[in-house]
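Reproduced below: work18.cif, with mmCIF, C-alpha atoms.
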data_input
#
loop_
_atom_site.label_atom_id
_atom_site.label_comp_id
_atom_site.auth_asym_id
_atom_site.auth_seq_id
_atom_site.Cartn_x
_atom_site.Cartn_y
_atom_site.Cartn_z
CA MET Q 173 61.21 111.24 141.82
CA GLU Q 174 64.73 111.81 142.96
CA ALA Q 175 65.85 115.33 143.74
CA GLU Q 176 68.79 115.28 141.31
CA THR Q 177 66.64 114.75 138.21
CA LYS Q 178 64.92 118.08 138.72
CA GLU Q 179 68.07 119.94 137.79
CA LYS Q 180 68.41 120.35 134.04
CA ILE Q 181 71.29 118.37 132.57
CA VAL Q 182 72.87 119.86 129.47
CA SER Q 183 75.32 118.10 127.18
CA ALA Q 184 78.90 119.19 127.87
CA GLU Q 185 79.81 119.20 124.19
CA LYS Q 186 76.55 120.70 122.85
CA PRO Q 187 75.03 123.07 125.44
CA GLU Q 188 71.88 123.45 123.33
CA ILE Q 189 70.92 119.84 124.05
CA VAL Q 190 69.01 119.33 127.30
CA ALA Q 191 68.51 115.82 128.59
CA PRO Q 192 64.95 114.57 129.07
CA GLU Q 193 63.97 114.09 132.71
CA SER Q 194 64.02 110.33 132.50
CA TRP Q 195 67.48 110.28 130.89
CA GLN Q 196 69.97 107.76 132.18
CA PRO Q 197 73.48 107.42 130.76
CA VAL Q 198 74.56 104.29 128.93
CA ILE Q 199 78.12 103.27 129.72
CA MET Q 200 80.05 100.76 127.71
CA GLY Q 201 82.25 98.67 129.97
CA ILE Q 202 85.02 96.70 128.30
CA LEU Q 203 86.64 94.42 130.86
CA CYS Q 204 89.59 92.09 130.69
CA ASN Q 205 88.71 88.46 131.24
CA TRP Q 206 91.37 87.68 133.85
CA CYS Q 207 91.11 90.56 136.31
CA SER Q 208 88.33 93.10 135.88
CA TYR Q 209 85.67 90.70 134.63
CA ALA Q 210 86.40 88.40 137.60
CA GLY Q 211 86.42 91.52 139.81
CA SER Q 212 83.00 92.55 138.58
CA ASP Q 213 81.80 89.00 139.20
CA LEU Q 214 83.08 89.26 142.76
CA THR Q 215 81.18 92.54 143.17
CA GLY Q 216 78.01 90.72 142.21
CA THR Q 217 78.60 87.65 144.35
CA SER Q 218 79.47 89.87 147.34
CA ARG Q 219 76.08 91.59 146.85
CA ILE Q 220 77.64 95.05 146.50
CA GLN Q 221 75.34 97.50 144.72
CA TYR Q 222 76.56 99.45 141.73
CA PRO Q 223 74.72 101.56 139.12
CA PRO Q 224 73.00 99.51 136.42
CA ASN Q 225 74.02 101.93 133.65
CA ILE Q 226 77.06 99.90 132.63
CA ARG Q 227 76.85 97.33 129.82
CA ILE Q 228 79.74 94.94 130.07
CA ILE Q 229 81.71 93.28 127.29
CA ARG Q 230 84.37 90.72 128.08
CA VAL Q 231 87.65 90.78 126.17
CA PRO Q 232 90.68 88.49 126.60
CA CYS Q 233 93.01 91.32 127.62
CA SER Q 234 92.93 95.12 127.83
CA SER Q 235 95.32 95.19 124.87
CA ARG Q 236 92.59 93.48 122.83
CA VAL Q 237 90.76 96.82 122.94
CA ASP Q 238 91.26 98.44 119.58
CA PRO Q 239 90.82 102.25 119.76
CA TRP Q 240 87.95 101.89 117.36
CA PHE Q 241 85.98 99.91 119.95
CA ILE Q 242 85.87 103.22 121.82
CA ILE Q 243 84.95 105.19 118.70
CA LYS Q 244 82.31 102.60 117.79
CA SER Q 245 80.74 102.74 121.25
CA LEU Q 246 80.61 106.53 121.29
CA GLN Q 247 79.12 106.60 117.79
CA THR Q 248 76.28 104.27 118.61
CA THR Q 249 74.48 104.17 121.96
CA ALA Q 250 77.08 104.88 124.59
CA ASP Q 251 77.43 108.16 126.47
CA GLY Q 252 80.71 107.05 127.96
CA VAL Q 253 83.22 104.23 127.92
CA LEU Q 254 84.96 102.48 130.79
CA ILE Q 255 87.85 100.18 130.01
CA SER Q 256 89.33 98.09 132.76
CA GLY Q 257 92.20 95.66 132.92
CA CYS Q 258 94.76 94.07 135.19
CA HIS Q 259 97.12 96.16 137.28
CA PRO Q 260 100.51 96.84 135.65
CA GLY Q 261 102.67 93.77 136.13
CA ASP Q 262 99.67 91.47 136.68
CA CYS Q 263 98.73 90.92 133.04
CA HIS Q 264 97.87 87.32 132.22
CA TYR Q 265 99.76 87.78 128.96
CA ILE Q 266 102.74 89.39 130.76
CA SER Q 267 102.82 92.77 129.02
CA GLY Q 268 99.44 93.30 127.32
CA ASN Q 269 98.30 96.11 129.57
CA TYR Q 270 101.54 98.06 129.08
CA TYR Q 271 100.87 98.20 125.35
CA ALA Q 272 97.23 99.04 126.02
CA ARG Q 273 98.19 101.89 128.35
CA ARG Q 274 100.05 103.69 125.56
CA ARG Q 275 97.16 103.31 123.15
CA PHE Q 276 94.62 104.49 125.73
CA LEU Q 277 96.50 107.71 126.43
CA VAL Q 278 96.77 108.64 122.76
CA THR Q 279 93.12 107.74 122.05
CA LYS Q 280 91.86 109.70 125.04
CA LYS Q 281 93.85 112.80 124.14
CA LEU Q 282 92.82 112.64 120.49
CA LEU Q 283 89.12 112.27 121.32
CA ASN Q 284 89.43 115.13 123.78
CA MET Q 285 91.03 117.27 121.06
CA VAL Q 286 88.19 116.69 118.59
CA GLY Q 287 85.59 117.65 121.19
CA PHE Q 288 84.73 114.81 123.56
CA HIS Q 289 84.92 115.61 127.25
CA GLU Q 290 87.83 113.75 128.82
CA ASN Q 291 85.57 112.09 131.42
CA ARG Q 292 83.64 110.28 128.68
CA ILE Q 293 86.53 107.88 128.16
CA GLN Q 294 87.80 106.42 131.41
CA PHE Q 295 90.20 103.66 132.32
CA SER Q 296 90.83 101.70 135.46
CA TRP Q 297 92.94 98.86 136.78
CA VAL Q 298 90.79 96.43 138.79
CA SER Q 299 92.11 93.08 139.95
CA ALA Q 300 90.04 89.93 140.50
CA ALA Q 301 90.07 90.53 144.26
CA GLU Q 302 88.87 94.14 144.11
CA GLY Q 303 85.09 93.75 144.10
CA PRO Q 304 84.43 96.87 146.20
CA LYS Q 305 86.81 98.90 144.02
CA PHE Q 306 84.89 97.92 140.88
CA ALA Q 307 81.65 99.12 142.44
CA LYS Q 308 83.32 102.41 143.36
CA VAL Q 309 84.78 102.85 139.87
CA VAL Q 310 81.41 102.25 138.18
CA ALA Q 311 79.70 104.62 140.61
CA LYS Q 312 82.26 107.34 139.90
CA VAL Q 313 82.11 106.92 136.11
CA THR Q 314 78.29 106.96 136.16
CA GLU Q 315 78.26 110.08 138.31
CA ASP Q 316 80.80 111.80 136.01
CA ILE Q 317 78.81 111.02 132.90
CA LYS Q 318 75.50 112.01 134.48
CA LYS Q 319 77.02 115.47 134.96
CA LEU Q 320 78.16 115.62 131.32
CA GLY Q 321 74.70 114.87 129.94
CA PRO Q 322 73.79 112.94 126.81
CA LEU Q 323 76.31 112.56 124.02
CA HIS Q 324 75.09 113.79 120.65
CA LEU Q 325 78.28 113.83 118.66
CA TYR Q 326 78.88 112.10 115.32
CA LYS Q 327 76.17 109.58 116.13
CA LYS Q 328 75.47 107.05 113.48
CA GLU Q 329 72.30 108.06 111.63
CA ASN Q 330 69.29 105.78 111.84
CA PHE Q 331 71.03 103.72 114.44
CA ASP Q 332 68.41 101.74 116.27
CA LYS Q 333 68.81 102.33 119.99
CA MET N 132 118.00 124.28 96.82
CA ASP N 133 118.50 123.00 93.25
CA TYR N 134 119.87 119.49 92.73
CA THR N 135 118.49 118.99 89.20
CA LYS N 136 121.90 118.47 87.60
CA GLN N 137 123.24 116.05 90.19
CA ILE N 138 120.05 113.96 90.14
CA GLN N 139 120.07 113.76 86.32
CA GLU N 140 123.73 112.66 86.38
CA ILE N 141 123.10 109.97 88.98
CA ALA N 142 119.99 108.72 87.15
CA ALA N 143 121.89 108.50 83.84
CA LYS N 144 124.69 106.58 85.56
CA LEU N 145 122.21 104.16 87.16
CA PHE N 146 120.52 103.45 83.84
CA THR N 147 123.81 102.89 81.97
CA GLU N 148 125.04 100.56 84.71
CA ASN N 149 121.65 98.80 84.54
CA THR N 150 121.17 98.84 88.31
CA ILE N 151 117.58 100.15 88.21
CA ASP N 152 114.39 99.54 86.21
CA ILE N 153 112.49 102.66 87.30
CA PHE N 154 113.61 106.04 88.52
CA ILE N 155 111.11 108.03 90.57
CA GLY N 156 111.63 111.78 90.60
CA TYR N 157 109.92 115.06 89.87
CA ARG N 158 109.19 116.89 86.61
CA MET N 159 107.60 120.23 85.78
CA ASN N 160 103.84 119.86 85.36
CA GLY N 161 103.93 121.64 82.00
CA PHE N 162 101.71 124.67 82.58
CA ASP N 163 103.08 126.50 85.62
CA ASP N 164 106.13 126.31 87.85
CA ASN N 165 104.79 123.51 90.06
CA GLN N 166 106.01 119.95 89.88
CA VAL N 167 104.50 116.48 89.67
CA PRO N 168 106.06 113.08 90.36
CA VAL N 169 107.35 111.12 87.38
CA LEU N 170 108.28 107.44 86.96
CA ILE N 171 111.05 107.09 84.38
CA THR N 172 111.72 103.75 82.68
CA ASP N 173 113.46 105.06 79.54
CA PRO N 174 116.87 106.79 79.84
CA LYS N 175 115.74 109.22 77.11
CA ASP N 176 113.38 110.92 79.60
CA ILE N 177 116.08 111.72 82.14
CA SER N 178 116.24 115.34 80.99
CA LYS N 179 112.71 115.79 82.39
CA LEU N 180 113.94 115.31 85.98
CA VAL N 181 114.10 118.36 88.22
CA PHE N 182 114.58 119.01 91.91
CA THR N 183 113.98 122.42 93.45
CA SER N 184 112.22 123.75 96.52
CA LYS N 185 108.91 123.10 94.69
CA SER N 186 109.43 119.31 94.90
CA VAL N 187 106.85 118.80 97.59
CA PHE N 188 105.48 115.29 97.16
CA ASN N 189 106.62 112.25 99.09
CA LEU N 190 107.75 109.81 96.41
CA THR N 191 107.90 106.78 98.69
CA ASN N 192 104.13 106.54 98.16
CA TYR N 193 104.89 105.06 94.71
CA LEU N 194 106.83 102.16 96.20
CA LYS N 195 103.66 100.55 97.55
CA GLN N 196 101.98 100.31 94.16
CA GLU N 197 101.66 97.15 92.15
CA HIS N 198 103.70 98.22 89.14
CA THR N 199 106.68 99.20 91.29
CA ARG N 200 106.72 96.22 93.63
CA ASN N 201 109.65 93.85 93.13
CA LYS N 202 111.33 96.26 90.70
CA ARG N 203 114.75 97.83 91.12
CA ILE N 204 114.05 101.46 91.84
CA GLY N 205 116.01 104.65 92.20
CA LEU N 206 114.30 107.51 93.97
CA VAL N 207 114.82 110.90 95.55
CA VAL N 208 113.98 111.41 99.23
CA LYS N 209 113.96 114.46 101.44
CA GLY N 210 114.26 114.27 105.23
CA CYS N 211 110.63 113.43 105.97
CA ASP N 212 110.37 111.09 102.96
CA SER N 213 113.39 109.15 104.13
CA ARG N 214 111.72 108.62 107.50
CA SER N 215 108.63 107.18 105.84
CA LEU N 216 110.93 105.01 103.71
CA ASN N 217 112.59 103.87 106.92
CA MET N 218 109.16 102.88 108.28
CA MET N 219 108.36 100.98 105.07
CA LEU N 220 111.70 99.15 105.27
CA THR N 221 111.06 98.26 108.91
CA GLU N 222 107.58 96.98 108.09
CA ASN N 223 108.97 94.88 105.21
CA GLN N 224 107.08 96.70 102.48
CA VAL N 225 110.15 97.31 100.33
CA LYS N 226 113.50 95.58 100.07
CA ARG N 227 116.53 97.74 100.74
CA ASP N 228 118.76 95.96 98.20
CA LYS N 229 116.33 96.77 95.39
CA LEU N 230 116.49 100.50 96.07
CA PHE N 231 118.97 103.17 95.17
CA ILE N 232 118.18 106.12 97.39
CA ILE N 233 119.31 109.66 96.66
CA GLY N 234 119.02 111.50 99.96
CA ILE N 235 118.62 115.27 100.08
CA CYS N 236 119.66 117.55 102.92
CA CYS N 237 116.42 119.46 102.71
CA GLU N 238 116.20 123.17 103.35
CA GLY N 239 112.40 123.14 103.32
CA VAL N 240 109.98 123.11 100.42
CA VAL N 241 107.43 125.74 99.43
CA ASP N 242 103.74 125.36 98.61
CA GLU N 243 101.95 126.66 95.51
CA SER N 244 101.78 130.21 96.85
CA GLY N 245 105.56 130.27 97.40
CA GLN N 246 105.36 130.11 101.18
CA LYS N 247 107.45 127.66 103.16
CA MET N 248 105.35 124.63 104.15
CA GLN N 249 104.30 124.57 107.79
CA ASN N 250 105.87 121.15 108.42
CA CYS N 251 109.19 122.46 107.07
CA THR N 252 109.25 125.30 109.57
CA GLU N 253 108.79 122.70 112.34
CA CYS N 254 111.03 120.04 110.79
CA VAL N 255 113.10 118.06 113.31
CA ILE N 256 115.23 115.96 110.95
CA PRO N 257 115.79 117.77 107.63
CA ASP N 258 118.55 115.42 106.38
CA ALA N 259 117.76 112.08 104.78
CA VAL N 260 118.29 109.35 107.40
CA VAL N 261 118.60 106.52 104.85
CA HIS N 262 120.49 107.06 101.61
CA ASP N 263 123.02 105.65 99.14
CA GLU N 264 124.10 109.07 98.01
CA LEU N 265 123.62 112.30 99.96
CA LEU N 266 123.28 115.66 98.23
CA GLY N 267 123.81 118.92 100.11
CA THR N 268 125.45 119.58 103.44
CA PRO N 269 123.86 117.97 106.53
CA ALA N 270 122.30 120.51 108.87
CA GLY N 271 121.77 118.22 111.86
CA ARG N 272 118.81 117.73 114.13
CA ASN N 273 116.55 120.63 115.14
CA ASP N 274 114.59 120.97 118.38
CA TYR N 275 111.08 119.56 118.51
CA LYS N 276 108.43 122.26 118.28
CA ILE N 277 104.78 121.84 119.16
CA ASN N 278 102.60 122.53 116.13
CA VAL N 279 101.24 126.10 116.23
CA ASP N 280 97.71 124.99 115.28
CA ILE N 281 97.63 122.41 118.06
CA ALA N 282 98.91 124.95 120.57
CA GLU N 283 96.16 127.35 119.46
CA LEU N 284 93.44 124.71 119.65
CA GLU N 285 94.53 123.67 123.14
CA GLY N 286 93.82 127.19 124.33
CA LYS N 287 90.21 126.94 123.16
CA THR N 288 87.28 125.57 125.12
CA LEU N 289 85.79 122.13 124.53
CA VAL N 290 82.73 123.50 122.73
CA GLU N 291 84.87 125.63 120.39
CA ARG N 292 87.06 122.66 119.55
CA ARG N 293 84.00 120.50 118.92
CA GLU N 294 82.56 123.13 116.54
CA TYR N 295 85.88 123.46 114.71
CA PHE N 296 86.33 119.73 114.19
CA GLU N 297 82.67 119.22 113.29
CA GLN N 298 83.28 121.57 110.36
CA ILE N 299 86.25 119.48 109.27
CA PHE N 300 84.34 116.19 109.40
CA GLU N 301 81.35 117.76 107.66
CA ASN N 302 83.50 118.91 104.76
CA CYS N 303 85.11 115.52 104.24
CA ILE N 304 83.75 113.85 101.09
CA ARG N 305 85.13 110.39 101.93
CA CYS N 306 87.15 110.17 98.71
CA ASN N 307 89.94 108.38 100.62
CA ALA N 308 92.62 110.38 98.79
CA CYS N 309 94.36 110.88 102.14
CA ARG N 310 94.69 107.16 102.52
CA HIS N 311 95.84 106.55 98.95
CA SER N 312 98.47 109.27 99.16
CA CYS N 313 99.89 108.01 102.45
CA PRO N 314 103.05 105.91 102.02
CA LEU N 315 102.30 104.04 105.24
CA CYS N 316 98.71 103.08 104.28
CA TYR N 317 99.72 100.10 102.18
CA CYS N 318 97.09 97.51 103.21
CA THR N 319 95.48 95.99 100.15
CA LYS N 320 92.22 95.66 102.10
CA CYS N 321 91.43 98.59 104.37
CA CYS N 322 89.13 98.32 107.37
CA ILE N 323 87.35 101.59 106.57
CA ASP N 324 86.12 100.18 103.25
CA GLN N 325 83.78 97.54 104.61
CA GLU N 326 80.57 98.80 103.11
CA SER N 327 78.36 95.95 104.24
CA SER N 328 79.15 96.59 107.89
CA THR N 329 76.66 98.60 109.91
CA LEU N 330 79.42 100.73 111.28
CA TYR N 331 81.84 101.31 108.45
CA SER N 332 79.86 102.85 105.68
CA GLY N 333 81.16 104.26 102.45
CA SER N 334 78.50 106.94 102.60
CA ASN N 335 79.41 110.55 102.81
CA THR N 336 78.06 111.56 106.21
CA THR N 337 79.65 113.44 109.07
CA SER N 338 79.64 110.39 111.31
CA SER N 339 81.23 108.13 108.70
CA ALA N 340 83.87 110.78 107.98
CA PHE N 341 84.55 111.09 111.70
CA HIS N 342 84.86 107.36 111.96
CA ALA N 343 87.12 106.97 108.94
CA LEU N 344 89.45 109.84 109.80
CA MET N 345 89.76 108.89 113.46
CA THR N 346 90.47 105.25 112.66
CA TRP N 347 92.94 106.29 109.99
CA SER N 348 94.81 108.71 112.23
CA LEU N 349 94.97 106.20 115.09
CA HIS N 350 96.38 103.55 112.73
CA LEU N 351 99.09 106.05 111.84
CA ALA N 352 99.76 107.19 115.41
CA GLY N 353 103.41 106.63 116.23
CA ARG N 354 104.15 105.95 112.56
CA CYS N 355 103.21 109.19 110.81
CA VAL N 356 106.29 111.15 109.73
CA ASP N 357 104.47 114.42 108.95
CA CYS N 358 105.20 114.52 105.20
CA ARG N 359 101.70 115.95 104.61
CA ASN N 360 101.02 114.01 101.44
CA CYS N 361 97.46 113.57 102.74
CA GLU N 362 96.91 117.27 103.04
CA LYS N 363 98.31 117.96 99.57
CA ALA N 364 95.97 115.32 98.13
CA CYS N 365 92.82 116.40 99.99
CA PRO N 366 90.33 117.96 97.55
CA SER N 367 88.46 119.64 100.40
CA HIS N 368 91.70 121.17 101.80
CA LEU N 369 91.06 119.78 105.26
CA PRO N 370 93.76 120.41 107.90
CA LEU N 371 94.37 116.69 108.35
CA HIS N 372 97.72 117.34 110.01
CA LEU N 373 95.87 118.35 113.20
CA LEU N 374 94.95 114.74 113.98
CA HIS N 375 98.47 113.47 113.29
CA LYS N 376 100.25 116.30 115.06
CA GLN N 377 98.07 115.81 118.14
CA ASN N 378 99.04 112.14 118.30
CA GLU N 379 102.67 112.96 117.58
CA LYS N 380 102.75 115.53 120.37
CA VAL N 381 101.24 113.15 122.95
CA ILE N 382 103.64 110.40 121.90
CA TYR N 383 106.69 112.67 121.90
CA GLU N 384 105.91 114.14 125.30
CA ASN N 385 104.97 110.90 127.06
CA PHE N 386 106.90 108.08 125.42
CA GLN N 387 110.60 108.97 125.62
CA GLU N 388 110.55 111.56 122.83
CA HIS N 389 109.62 108.98 120.21
CA LEU N 390 109.66 110.12 116.59
CA ALA N 391 108.65 107.74 113.81
CA GLY N 392 111.18 106.43 111.31
CA VAL N 393 114.32 108.04 112.72
CA ILE N 394 116.02 104.88 113.95
CA PRO N 395 116.12 101.85 111.61
CA ASP N 396 114.10 98.84 112.85
CA ASP N 397 112.01 101.03 115.16
CA ARG N 398 108.47 99.81 114.52
CA GLY N 399 106.64 102.70 116.14
CA ALA N 400 105.53 103.86 119.57
CA PHE N 401 102.78 101.26 119.97
CA TYR N 402 105.10 98.29 119.41
CA LYS N 403 107.04 98.85 122.61
CA TYR N 404 106.40 100.00 126.14
CA SER N 405 108.14 101.34 129.18
CA LEU N 406 107.35 100.72 132.83
CA LYS N 407 107.55 104.48 133.34
CA ASP N 408 104.72 105.31 130.91
CA PRO N 409 102.22 107.78 132.41
CA ASP N 410 99.59 106.11 134.55
CA ASP N 411 97.89 109.07 136.20
CA PHE N 412 94.86 109.07 133.87
CA ILE N 413 93.91 105.51 134.95
CA MET N 414 91.82 104.95 138.08
#
Show how you would write the structure in this file as structure tokens.
Amino acid sequence: MEAETKEKIVSAEKPEIVAPESWQPVIMGILCNWCSYAGSDLTGTSRIQYPPNIRIIRVPCSSRVDPWFIIKSLQTTADGVLISGCHPGDCHYISGNYYARRRFLVTKKLLNMVGFHENRIQFSWVSAAEGPKFAKVVAKVTEDIKKLGPLHLYKKENFDK
Amino acid sequence: MDYTKQIQEIAAKLFTENTIDIFIGYRMNGFDDNQVPVLITDPKDISKLVFTSKSVFNLTNYLKQEHTRNKRIGLVVKGCDSRSLNMMLTENQVKRDKLFIIGICCEGVVDESGQKMQNCTECVIPDAVVHDELLGTPAGRNDYKINVDIAELEGKTLVERREYFEQIFENCIRCNACRHSCPLCYCTKCCIDQESSTLYSGSNTTSSAFHALMTWSLHLAGRCVDCRNCEKACPSHLPLHLLHKQNEKVIYENFQEHLAGVIPDDRGAFYKYSLKDPDDFIM
């Protein structure tokens, strides 16, 4: 047993909920096909270790991410969401990530207003050459969400985990 | 603020000149001093029309309905209503040449208890921005104020905010009156109605209400003009403006002071971008 699991983890939004000892966060990773998905592939082929808590979905561009993808993830299994795309100016579709950036800010602030901790929804720019950065980003997001504990907010009833 | 006489005169003129088929205005509801919208097709009914500070509803909502589409329409708009009309014109939902718009320089409307509506105390553009005829004297643009409820909620902790909003989503009965009363929710098929989907359910649960209201408010982010038709229509009296005002505040503060519907042909904050948009929340 690792030392960190002995400490009780409580949910940041609902302090009455204590995580079971074996609890591990589930993170939804939505990555853009041209940069971040290739970057995560490079992380794997370079044999860099990163936490296995992330479940990755590939999308054509970060502007393909509808805000309700985030809502949907948080309502079903995910304890946190990581969305990653190309660096500003590097978008395969020229300006997709600029549009996405505006949407992300508004979505993040709105979810924070209705009671989600701001670290549950995170964004990053990772290029295809930044394998080590992707590993660092995933490690940081996993660590952040481990501190916040399980998410029990507006979960879909009878949803089969 | 009483433009009853002027509006009746203009409506009578429009009907005699045969420039409109329908006139949309307000009439007394018949049992107290509150008003309801009225669609007039017969010049005999023009005497029913009124306009006072009790004329609260946003009449542009009636332009999206089937029986008013492709008709020549005259209607009355206040400052906020004209902004939503501007959005509808930009999004090609109505044709400008089929409309005769009576713009009002609004001094603020009052709710049923006689108090000035909260959105009127924070109104940025009280004068109609799109009009064929303007009634009243233009007052000019006011300073943008952050909504008092949002400012109060921001001072609270995360857990308190979560408890407050959980109450709101619990009390929602998923009647979709907010969506029907919104002039900018004109889609004939709405994504929150897909009952067969595992995620979108028509059922009346807290999670489905959360989902529907969040999706709805994010679809209106950068487009909502704060007319509060949704709040007036809500049978559970939910403070739905909180979601819209939060989005409006973030957009105003971060995206070059953008306000929906003020400039013609401005499609909303999410249809454009700037290289200087904030980037500090992204790793």
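The gap separating CA of Ile233 (chain N) from CA of Glu264 (chain N) is 5.0 Å, in Å to one decimal.
When the distance limit is 7 Å and all atoms listed in the file are what count, the residues near region 249-259 of chain Q, minus those fewer than 4 positions from it on the same chain, are Pro197, Val198, Ile199, Met200, Gly201, Ile202, Leu203, Cys204, Cys207, Ser208, Cys233, Ser234, Ile242, Ser245, Cys263, Asn269, Arg292, Ile293, Gln294, Phe295, Ser296, Trp297, Val298, Ser299, Ile317, Pro322, Leu323 and Lys333 of chain Q.
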Store the residues picked out above in a file with C-alpha atoms, as a PDB file, in the frame of the given file.
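Dumped to selection-v1.pdb:
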ATOM      1  CA  PRO Q 197      73.480 107.420 130.760  1.00  0.00           C
ATOM      2  CA  VAL Q 198      74.560 104.290 128.930  1.00  0.00           C
ATOM      3  CA  ILE Q 199      78.120 103.270 129.720  1.00  0.00           C
ATOM      4  CA  MET Q 200      80.050 100.760 127.710  1.00  0.00           C
ATOM      5  CA  GLY Q 201      82.250  98.670 129.970  1.00  0.00           C
ATOM      6  CA  ILE Q 202      85.020  96.700 128.300  1.00  0.00           C
ATOM      7  CA  LEU Q 203      86.640  94.420 130.860  1.00  0.00           C
ATOM      8  CA  CYS Q 204      89.590  92.090 130.690  1.00  0.00           C
ATOM      9  CA  CYS Q 207      91.110  90.560 136.310  1.00  0.00           C
ATOM     10  CA  SER Q 208      88.330  93.100 135.880  1.00  0.00           C
ATOM     11  CA  CYS Q 233      93.010  91.320 127.620  1.00  0.00           C
ATOM     12  CA  SER Q 234      92.930  95.120 127.830  1.00  0.00           C
ATOM     13  CA  ILE Q 242      85.870 103.220 121.820  1.00  0.00           C
ATOM     14  CA  SER Q 245      80.740 102.740 121.250  1.00  0.00           C
ATOM     15  CA  CYS Q 263      98.730  90.920 133.040  1.00  0.00           C
ATOM     16  CA  ASN Q 269      98.300  96.110 129.570  1.00  0.00           C
ATOM     17  CA  ARG Q 292      83.640 110.280 128.680  1.00  0.00           C
ATOM     18  CA  ILE Q 293      86.530 107.880 128.160  1.00  0.00           C
ATOM     19  CA  GLN Q 294      87.800 106.420 131.410  1.00  0.00           C
ATOM     20  CA  PHE Q 295      90.200 103.660 132.320  1.00  0.00           C
ATOM     21  CA  SER Q 296      90.830 101.700 135.460  1.00  0.00           C
ATOM     22  CA  TRP Q 297      92.940  98.860 136.780  1.00  0.00           C
ATOM     23  CA  VAL Q 298      90.790  96.430 138.790  1.00  0.00           C
ATOM     24  CA  SER Q 299      92.110  93.080 139.950  1.00  0.00           C
ATOM     25  CA  ILE Q 317      78.810 111.020 132.900  1.00  0.00           C
ATOM     26  CA  PRO Q 322      73.790 112.940 126.810  1.00  0.00           C
ATOM     27  CA  LEU Q 323      76.310 112.560 124.020  1.00  0.00           C
ATOM     28  CA  LYS Q 333      68.810 102.330 119.990  1.00  0.00           C
TER      29      LYS Q 333
END
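The space between CA of Asp263 (chain N) and CA of Ile232 (chain N) spans 5.2 Å.
Each of N:Gly205, N:Pro269, N:Pro314, N:Pro366 was compared to Leu230 (chain N) using all atoms listed in the file, and N:Gly205 turns out to be the nearest.
Straight-line separation from CA of Gln387 (chain N) to CA of Thr268 (chain N): 28.7 Å.
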Residue list as an mmCIF file with C-alpha atoms, in the frame of the given file for point (110.6, 99.5, 105.8), cut-off 12 Å, all atoms listed in the file:
data_model
loop_
_atom_site.group_PDB
_atom_site.id
_atom_site.type_symbol
_atom_site.label_atom_id
_atom_site.label_comp_id
_atom_site.auth_asym_id
_atom_site.auth_seq_id
_atom_site.Cartn_x
_atom_site.Cartn_y
_atom_site.Cartn_z
ATOM 1 C CA THR N 191 107.900 106.780 98.690
ATOM 2 C CA LEU N 194 106.830 102.160 96.200
ATOM 3 C CA LYS N 195 103.660 100.550 97.550
ATOM 4 C CA ASP N 212 110.370 111.090 102.960
ATOM 5 C CA SER N 213 113.390 109.150 104.130
ATOM 6 C CA ARG N 214 111.720 108.620 107.500
ATOM 7 C CA SER N 215 108.630 107.180 105.840
ATOM 8 C CA LEU N 216 110.930 105.010 103.710
ATOM 9 C CA ASN N 217 112.590 103.870 106.920
ATOM 10 C CA MET N 218 109.160 102.880 108.280
ATOM 11 C CA MET N 219 108.360 100.980 105.070
ATOM 12 C CA LEU N 220 111.700 99.150 105.270
ATOM 13 C CA THR N 221 111.060 98.260 108.910
ATOM 14 C CA GLU N 222 107.580 96.980 108.090
ATOM 15 C CA ASN N 223 108.970 94.880 105.210
ATOM 16 C CA GLN N 224 107.080 96.700 102.480
ATOM 17 C CA VAL N 225 110.150 97.310 100.330
ATOM 18 C CA LYS N 226 113.500 95.580 100.070
ATOM 19 C CA ARG N 227 116.530 97.740 100.740
ATOM 20 C CA ASP N 228 118.760 95.960 98.200
ATOM 21 C CA LEU N 230 116.490 100.500 96.070
ATOM 22 C CA VAL N 261 118.600 106.520 104.850
ATOM 23 C CA PRO N 314 103.050 105.910 102.020
ATOM 24 C CA LEU N 315 102.300 104.040 105.240
ATOM 25 C CA TYR N 317 99.720 100.100 102.180
ATOM 26 C CA ARG N 354 104.150 105.950 112.560
ATOM 27 C CA ALA N 391 108.650 107.740 113.810
ATOM 28 C CA GLY N 392 111.180 106.430 111.310
ATOM 29 C CA VAL N 393 114.320 108.040 112.720
ATOM 30 C CA ILE N 394 116.020 104.880 113.950
ATOM 31 C CA PRO N 395 116.120 101.850 111.610
ATOM 32 C CA ASP N 396 114.100 98.840 112.850
ATOM 33 C CA ASP N 397 112.010 101.030 115.160
ATOM 34 C CA ARG N 398 108.470 99.810 114.520
ATOM 35 C CA GLY N 399 106.640 102.700 116.140
#
Exercise. For the structure shown, which residues end up in the PyMOL selection byres ((chain Q) within 8 of (chain N))? Put them as a VMD selection string, please?
Key: chain Q and resid 184 to 186 239 to 240 243 to 244 247 270 to 271 273 to 275 277 to 279 281 to 282 284 to 289 294 to 297 309 326 to 329
Exercise. Would you kindly translate the PyMOL selection byres ((chain N and resi 157-165) around 12) into the concrete residues it picks from this file, as a PyMOL selection string?
Key: chain N and resi 134-135+138-139+154-156+166-171+176-190+206-208+240-245
Quiz item: Between Q:Val237, Q:Ile220, Q:Leu320, Q:Val190, which has the minimum distance to Glu302 (chain Q) (counting only C-alpha atoms)?
Solution: Q:Ile220
Quiz prompt | Near-Ser267 (chain Q) list (9 Å; only C-alpha atoms; drop same-chain fewer than 5 positions) as a ChimeraX atom specification | solution = /Q:235,260-262,272 /N:404
